[in-house]
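Text of structure.json, listed as JSON, C-alpha atoms:
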```
[["chain", "number", "residue", "atom", "x", "y", "z"],
["A", 1, "MET", "CA", 28.68, 29.52, 11.87],
["A", 2, "SER", "CA", 28.27, 27.10, 8.95],
["A", 3, "GLU", "CA", 25.74, 24.31, 8.94],
["A", 4, "LEU", "CA", 26.73, 20.66, 8.55],
["A", 5, "ARG", "CA", 24.62, 18.94, 5.91],
["A", 6, "PHE", "CA", 24.94, 15.50, 4.46],
["A", 7, "TYR", "CA", 22.88, 13.24, 2.28],
["A", 8, "ILE", "CA", 23.03, 9.48, 2.03],
["A", 9, "SER", "CA", 21.65, 7.63, -0.90],
["A", 10, "ILE", "CA", 20.62, 4.04, -0.36],
["A", 11, "GLY", "CA", 19.91, 3.38, -4.02],
["A", 12, "GLY", "CA", 22.50, 2.48, -6.58],
["A", 13, "PHE", "CA", 22.82, 1.13, -10.07],
["A", 14, "GLU", "CA", 24.13, -2.29, -10.93],
["A", 15, "SER", "CA", 24.67, -3.63, -14.42],
["A", 16, "THR", "CA", 22.93, -6.91, -15.14],
["A", 17, "ALA", "CA", 22.60, -9.17, -18.16],
["A", 18, "LYS", "CA", 19.18, -7.62, -18.85],
["A", 19, "GLY", "CA", 20.42, -4.03, -18.59],
["A", 20, "ARG", "CA", 20.42, -1.53, -15.76],
["A", 21, "GLU", "CA", 18.28, -2.20, -12.75],
["A", 22, "ILE", "CA", 17.97, -0.12, -9.64],
["A", 23, "GLN", "CA", 19.17, -1.91, -6.55],
["A", 24, "SER", "CA", 18.10, -0.52, -3.21],
["A", 25, "MET", "CA", 18.62, -1.71, 0.31],
["A", 26, "ARG", "CA", 17.51, -0.77, 3.76],
["A", 27, "ILE", "CA", 20.07, 0.28, 6.29],
["A", 28, "SER", "CA", 19.56, -1.30, 9.68],
["A", 29, "ARG", "CA", 19.44, 0.73, 12.87],
["A", 30, "GLU", "CA", 22.72, -0.90, 13.90],
["A", 31, "LYS", "CA", 24.43, 0.31, 10.70],
["A", 32, "ILE", "CA", 23.06, 3.81, 11.19],
["A", 33, "VAL", "CA", 24.47, 3.85, 14.72],
["A", 34, "ARG", "CA", 27.85, 2.61, 13.47],
["A", 35, "LEU", "CA", 27.80, 5.29, 10.78],
["A", 36, "SER", "CA", 27.05, 7.94, 13.42],
["A", 37, "HIS", "CA", 30.10, 6.78, 15.39],
["A", 38, "SER", "CA", 32.24, 7.01, 12.23],
["A", 39, "ILE", "CA", 30.98, 10.53, 11.55],
["A", 40, "MET", "CA", 31.74, 11.53, 15.14],
["A", 41, "ASP", "CA", 35.25, 10.06, 14.83],
["A", 42, "VAL", "CA", 35.88, 12.27, 11.80],
["A", 43, "LEU", "CA", 34.49, 15.33, 13.57],
["A", 44, "VAL", "CA", 36.56, 14.67, 16.71],
["A", 45, "ALA", "CA", 39.72, 14.25, 14.61],
["A", 46, "SER", "CA", 39.13, 17.58, 12.82],
["A", 47, "ASP", "CA", 40.85, 20.68, 14.15],
["A", 48, "ASP", "CA", 38.10, 22.77, 12.48],
["A", 49, "VAL", "CA", 35.32, 21.44, 14.72],
["A", 50, "GLU", "CA", 34.56, 22.80, 18.15],
["A", 51, "PHE", "CA", 31.95, 20.97, 20.22],
["A", 52, "ILE", "CA", 29.47, 23.09, 22.12],
["A", 53, "GLU", "CA", 27.23, 20.13, 22.99],
["A", 54, "ASP", "CA", 27.96, 16.77, 24.57],
["A", 55, "ARG", "CA", 29.39, 14.40, 21.94],
["A", 56, "ASP", "CA", 26.82, 11.69, 22.62],
["A", 57, "THR", "CA", 24.00, 14.22, 22.19],
["A", 58, "ILE", "CA", 25.49, 15.21, 18.82],
["A", 59, "ARG", "CA", 25.88, 11.56, 17.80],
["A", 60, "GLN", "CA", 22.25, 10.88, 18.70],
["A", 61, "LYS", "CA", 21.21, 13.87, 16.60],
["A", 62, "ILE", "CA", 23.22, 12.42, 13.70],
["A", 63, "VAL", "CA", 21.30, 9.15, 14.10],
["A", 64, "THR", "CA", 18.02, 11.08, 14.01],
["A", 65, "LEU", "CA", 19.09, 13.05, 10.93],
["A", 66, "LEU", "CA", 20.22, 9.92, 9.10],
["A", 67, "THR", "CA", 17.04, 8.04, 9.98],
["A", 68, "ASP", "CA", 14.82, 10.95, 8.91],
["A", 69, "SER", "CA", 16.76, 11.40, 5.66],
["A", 70, "LEU", "CA", 16.48, 7.73, 4.78],
["A", 71, "ARG", "CA", 12.76, 7.77, 5.59],
["A", 72, "GLU", "CA", 12.29, 10.77, 3.26],
["A", 73, "GLU", "CA", 14.27, 9.02, 0.55],
["A", 74, "GLU", "CA", 12.02, 5.96, 0.86],
["A", 75, "LYS", "CA", 8.98, 8.21, 0.45],
["A", 76, "ALA", "CA", 10.54, 9.80, -2.64],
["A", 77, "ASP", "CA", 11.28, 6.36, -4.09],
["A", 78, "ALA", "CA", 7.68, 5.26, -3.53],
["A", 79, "GLU", "CA", 6.36, 8.45, -5.15],
["A", 80, "VAL", "CA", 8.64, 7.99, -8.17],
["A", 81, "ARG", "CA", 7.55, 4.39, -8.63],
["A", 82, "LYS", "CA", 3.92, 5.49, -8.36],
["A", 83, "LYS", "CA", 4.47, 8.11, -11.09],
["A", 84, "ILE", "CA", 6.08, 5.56, -13.39],
["A", 85, "THR", "CA", 3.34, 2.97, -12.91],
["A", 86, "SER", "CA", 0.66, 5.61, -13.55],
["A", 87, "GLN", "CA", 1.92, 6.23, -17.10],
["A", 88, "LYS", "CA", -0.56, 5.45, -19.86],
["A", 89, "LYS", "CA", 1.64, 2.72, -21.30],
["A", 90, "GLU", "CA", 3.23, 0.01, -19.20],
["A", 91, "ILE", "CA", 6.91, 0.63, -18.59],
["A", 92, "LEU", "CA", 8.80, -2.41, -17.39],
["A", 93, "GLU", "CA", 11.14, -1.95, -14.44],
["A", 94, "GLY", "CA", 14.71, -2.51, -15.58],
["A", 95, "SER", "CA", 14.11, -1.17, -19.06],
["A", 96, "GLU", "CA", 16.10, 1.81, -20.30],
["A", 97, "GLU", "CA", 12.91, 3.91, -20.40],
["A", 98, "TRP", "CA", 12.08, 3.02, -16.79],
["A", 99, "ASP", "CA", 15.64, 3.86, -15.74],
["A", 100, "VAL", "CA", 15.52, 7.28, -17.45],
["A", 101, "LEU", "CA", 12.12, 8.13, -15.94],
["A", 102, "TYR", "CA", 13.19, 6.96, -12.49],
["A", 103, "ARG", "CA", 16.27, 9.18, -12.48],
["A", 104, "LYS", "CA", 14.30, 12.16, -13.83],
["A", 105, "TYR", "CA", 11.42, 11.83, -11.36],
["A", 106, "TYR", "CA", 13.77, 11.02, -8.48],
["A", 107, "SER", "CA", 15.81, 14.17, -9.13],
["A", 108, "GLU", "CA", 12.57, 16.16, -9.21],
["A", 109, "GLU", "CA", 11.48, 14.68, -5.87],
["A", 110, "MET", "CA", 14.86, 15.41, -4.29],
["A", 111, "ARG", "CA", 14.74, 19.03, -5.53],
["A", 112, "ARG", "CA", 11.20, 19.35, -4.19],
["A", 113, "MET", "CA", 12.51, 18.17, -0.81],
["A", 114, "GLY", "CA", 15.38, 20.68, -0.99],
["A", 115, "VAL", "CA", 18.11, 18.11, -1.59],
["A", 116, "GLN", "CA", 20.70, 18.86, -4.24],
["A", 117, "THR", "CA", 21.40, 15.72, -6.25],
["A", 118, "ALA", "CA", 24.80, 14.93, -7.68],
["A", 119, "PRO", "CA", 25.18, 15.26, -11.45],
["A", 120, "GLU", "CA", 25.21, 12.01, -13.37],
["A", 121, "GLU", "CA", 28.69, 10.63, -13.84],
["A", 122, "HIS", "CA", 27.92, 8.97, -17.15],
["A", 123, "ARG", "CA", 25.62, 10.63, -19.62],
["A", 124, "ARG", "CA", 24.37, 8.70, -22.60],
["A", 125, "GLY", "CA", 25.30, 10.25, -25.92]]
```
Translate this structure into structure tokens?
Amino acid sequence: MSELRFYISIGGFESTAKGREIQSMRISREKIVRLSHSIMDVLVASDDVEFIEDRDTIRQKIVTLLTDSLREEEKADAEVRKKITSQKKEILEGSEEWDVLYRKYYSEEMRRMGVQTAPEEHRRG
């Protein structure tokens, strides 16, 4: 039997006049519940999925997994920011250096937590 794993990132990059800044947002409990219903809809529609538990029990487990994953991601974000601010020289958030360090440290934190991060889509040359 294969294991269903998923990872949701709440952080993203948005170009601004000053450069790249990390934009993050919290996902409300209501949105997590809606997302769990969407995931269940996909699973129900799949011919490859056989349910051995009650669907609502599975959906509630999805909510728990999503909530726990987002909580862990918030902890990783806080740890990364702490690492950056503890550098000997001040690195301004939004600067290219801050952005590079954030992505590097964040990837390290995700690996430490056992989460495989997606490769960067755009590498600087």
Mind pulling up the distance from atom CA of A:Glu53 to atom CA of A:Asp41?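 These two atoms are separated by 15.2 Å.
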Compile the contact shell of stretch 97-114 of chain A as a ChimeraX atom specification: residues with an atom at most 7 Å away, counting all atoms listed in the file, same-chain residues fewer than 5 positions apart removed. /A:76-77,80,91-92
List as a ChimeraX atom specification the protein and nucleic acid residues near A:His37, meaning an atom at most 12 Å away when all atoms listed in the file are counted, but skip any in the same chain fewer than 4 places from it. /A:30-33,41-44,55-63
Separation of atom CA of A:Val115 from atom CA of A:Ser36 in Å: 20.2 Å
Atom CA of A:Asp68 to atom CA of A:Ile39, distance in Å rounded to a single decimal: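 Going from atom CA of A:Asp68 over to atom CA of A:Ile39 covers 16.4 Å.
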With only C-alpha atoms as the basis for distance, which of A:Phe51, A:Leu66, A:Ala45, A:Ala78 is at the shortest distance from A:Ile27?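 Of all the options, A:Leu66 lies closest to A:Ile27.
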